[in-house]
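What follows is one structure encoded as structure tokens, with my remarks underneath.
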Amino acid sequence: MSLPERQTDVGPPHFEKFLPPVIKENYGKWKSHEVLTPGTMVHTAESGDQIHTVRIASPRILATETIREMCDLAEKYCGGFIRFTTRNNVEFLVSDKAQMDPLVAELKEKGYMVGGIGPGISNVIHTQGWVHCHGACTDASGIVKAMMDEFHEYFTTKTLPNKVRLAVACCVNMCGAVHVSDIAVVAVHRKVPAIDDENVGKMCEIPTVIGSCPTSAIRPNPKDKTVTINEEKCMYCGNCFTVCPPINIHNPEHDGVAIVVGGKIGSLRTSPKFSKLAIPFLHNEPPRWPKVVDAIKNILDVYAANARKHERVGEWIERIGWEDFFKLTGIEFTFQHIDDFTFMRDTLRTSAAFKY
Ligand code: SF4
Ligand code: SF4
């Protein structure tokens, strides 16, 4: 199969330019793959050609030195072919099998964690957090560092019933794949934004502010050249703050995180699933977030002890029922678990897959 011709003057270069020759030669004709160790796997083509993958976890915030070191290792062992997966695992694509063991040895010697393939955890996808994004209700890289310090053996050596995808998003915009991860942290604001009336008129376009609110909670207040918020309708999403900084959503005392479980992207055995609420709120506790780490460890341990082989977290919960999930994990069921959102009917009906 030949690769499609494509010419464009916008967007990234065509991915074909960056494929290892063995992948180009066998494009569309890959037959099987086998996990060799928690950090290595081999793909075999119909022609018998093979390509080996070595996966490492990426540190949370990457220094240019680290990226250069990774690229140097890729140049040395696999022709410079390296890629970052959507969950920011770093993968070296090794065409010459003889280079695999020396690459793994040097990665370990340099302190990289080799793993993340097969029934365990992979790199934790996360968002920007306090380091960068204006809307963040928590730190993202800090939580992930604390999580990985606790769970790293599930990346390198220990196994679980199936793969467990972890994610952290620092607000409900969820730039990370929280909605389709087995166990995920999503940060939440919990208070209606405070309006600095004097500056709204000076700094913001009122129609844009009103249009930004997904629940139509914002009304103009022409008399004072500002806006008002209907508190009953506000769901603390922070959209208005994004377009109008004088409507401040941040509240250090009340911002924190929720934990959701049971999401997955794959359609193997069961349909893709969206994550559902497990723990409505935990306070931010930088720099190590002990309650968040303990809560995830508890869910992970109970899943590991009770799920059948190959069951993802969501599949396990659906088999035993949510009532037993709350009993086994000891998580309290609260009124926040009841979906009474205005658009509940739509969310209950939603599935990432459909049937004719
Ligand atoms: S999840 Fe929200 S706060 Fe975090 S990076 Fe994305 S938009 Fe910003
Ligand atoms: S936080 Fe979200 S729901 Fe609340 S007023 Fe702002 S845009 Fe509307």
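Naming works like this for the structure tokens: A, B, ... for the chains as they're shown, residue 1 at the start of each chain, ligands 1 onward in shown order.
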Compile the contact shell of region 138-155 of chain A as a PyMOL selection string: residues with an atom at most 7 Å away, counting only C-alpha atoms, same-chain residues fewer than 2 positions apart removed. chain A and resi 60+115-116+120-122+124+126-130+136+157-159+168-170+187+256+284+287-289+293
Write out as a PyMOL selection string which residues come within 9 Å of Glu311 (chain A) when counting only C-alpha atoms, dropping same-chain ones fewer than 4 positions away. chain A and resi 161-163+307+315-316
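Environment of ligand 2, defined as every protein or nucleic acid residue with an atom within 7 Å of it and counting only C-alpha atoms and all ligand atoms, comprises Val192, Pro193, Ser212, Cys213, Pro214, Thr215, Ser216, Ala217, Ile218, Ile229, Lys233, Cys234, Met235, Tyr236, Cys237, Gly238, Asn239, Cys240, Phe241 and Ile249 of chain A.
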Take the residues from that selection and put them in a file with C-alpha atoms, as a compact mmCIF listing (two decimals), in the first residue's frame.
# COMPACT_ATOMS: atom_id res chain seq x y z
CA VAL A 192 -19.71 31.38 41.93
CA PRO A 193 -17.20 33.85 40.44
CA SER A 212 -19.43 32.33 27.14
CA CYS A 213 -21.72 30.90 29.78
CA PRO A 214 -22.97 27.40 28.92
CA THR A 215 -25.90 27.60 31.34
CA SER A 216 -27.07 31.12 30.45
CA ALA A 217 -26.40 32.27 34.00
CA ILE A 218 -25.03 35.68 33.01
CA ILE A 229 -24.70 35.99 37.64
CA LYS A 233 -27.58 28.34 37.33
CA CYS A 234 -23.80 28.64 37.73
CA MET A 235 -21.84 25.39 37.57
CA TYR A 236 -18.45 27.02 38.33
CA CYS A 237 -16.95 26.15 34.95
CA GLY A 238 -14.84 29.32 34.71
CA ASN A 239 -15.64 30.07 31.06
CA CYS A 240 -16.63 33.64 31.93
CA PHE A 241 -13.31 34.19 33.71
CA ILE A 249 -13.39 32.20 39.71
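Atom pair CA of Pro245 (chain A) / CA of Met203 (chain A): separated by 8.0 Å.
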Check region 17-247 of chain A with DSSP on the backbone and list each residue it calls helix (DSSP H, G or I), as an MDAnalysis selection string. chainID A and resid 17:18 21:25 64:78 97:109 129:131 141:151 153:156 178:180 197:203 206:212 222:224 239:243
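In terms of minimum interatomic distance to Pro252 (chain A), A:Glu285 ranks closest within A:Asp196, A:Asp324, A:Glu285, A:Glu318, counting only C-alpha atoms.
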Considering only C-alpha atoms and all ligand atoms, state which residue in the set A:Gly176, A:Pro272, A:Pro207, A:Pro20 is at the smallest distance from ligand 1. A:Gly176
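Each of A:Leu268, A:Ile210, A:Cys133, A:Val260 was checked against ligand 1 using only C-alpha atoms and all ligand atoms; the smallest atom-to-atom distance is that of A:Cys133.
All residues of protein, DNA or RNA that reach within 8 Å of His337 (chain A), judged by only C-alpha atoms and not counting those fewer than 6 positions away in the chain, are A:Leu277, A:Ala278, A:Pro280.
Residues with any atom within 7 Å of Ile56 (chain A), counting only C-alpha atoms and excluding same-chain neighbours fewer than 2 positions away, are Gly39, Val54, Ser58, Asn89, Val90, Glu91, Tyr112, Met113, Val114 and Gly115 of chain A.
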Got a sec to tell me which of region 252-356 of chain A DSSP assigns to strand (DSSP E), as a PyMOL selection string? chain A and resi 256-261+276-283
Keeping only C-alpha atoms, write those residues as a tab-separated table (two decimals), in the first residue's frame.
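Output below, filename part.tsv:
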chain	number	residue	atom	x	y	z
A	256	GLY	CA	-9.68	21.35	44.92
A	257	VAL	CA	-10.13	18.09	43.03
A	258	ALA	CA	-12.66	15.37	42.34
A	259	ILE	CA	-11.81	11.78	41.41
A	260	VAL	CA	-13.59	10.00	38.59
A	261	VAL	CA	-13.32	6.36	37.54
A	276	LYS	CA	-18.07	8.73	36.41
A	277	LEU	CA	-17.78	10.50	39.74
A	278	ALA	CA	-16.26	8.53	42.63
A	279	ILE	CA	-15.07	11.20	45.08
A	280	PRO	CA	-16.70	14.65	44.76
A	281	PHE	CA	-14.07	16.75	46.47
A	282	LEU	CA	-10.66	16.72	48.15
A	283	HIS	CA	-8.85	19.88	49.18
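The space separating CA of Glu109 (chain A) from CA of Ala57 (chain A) comes to 14.4 Å.
The gap separating CA of Tyr77 (chain A) from CA of Val22 (chain A) is 15.1 Å, in Å to one decimal.
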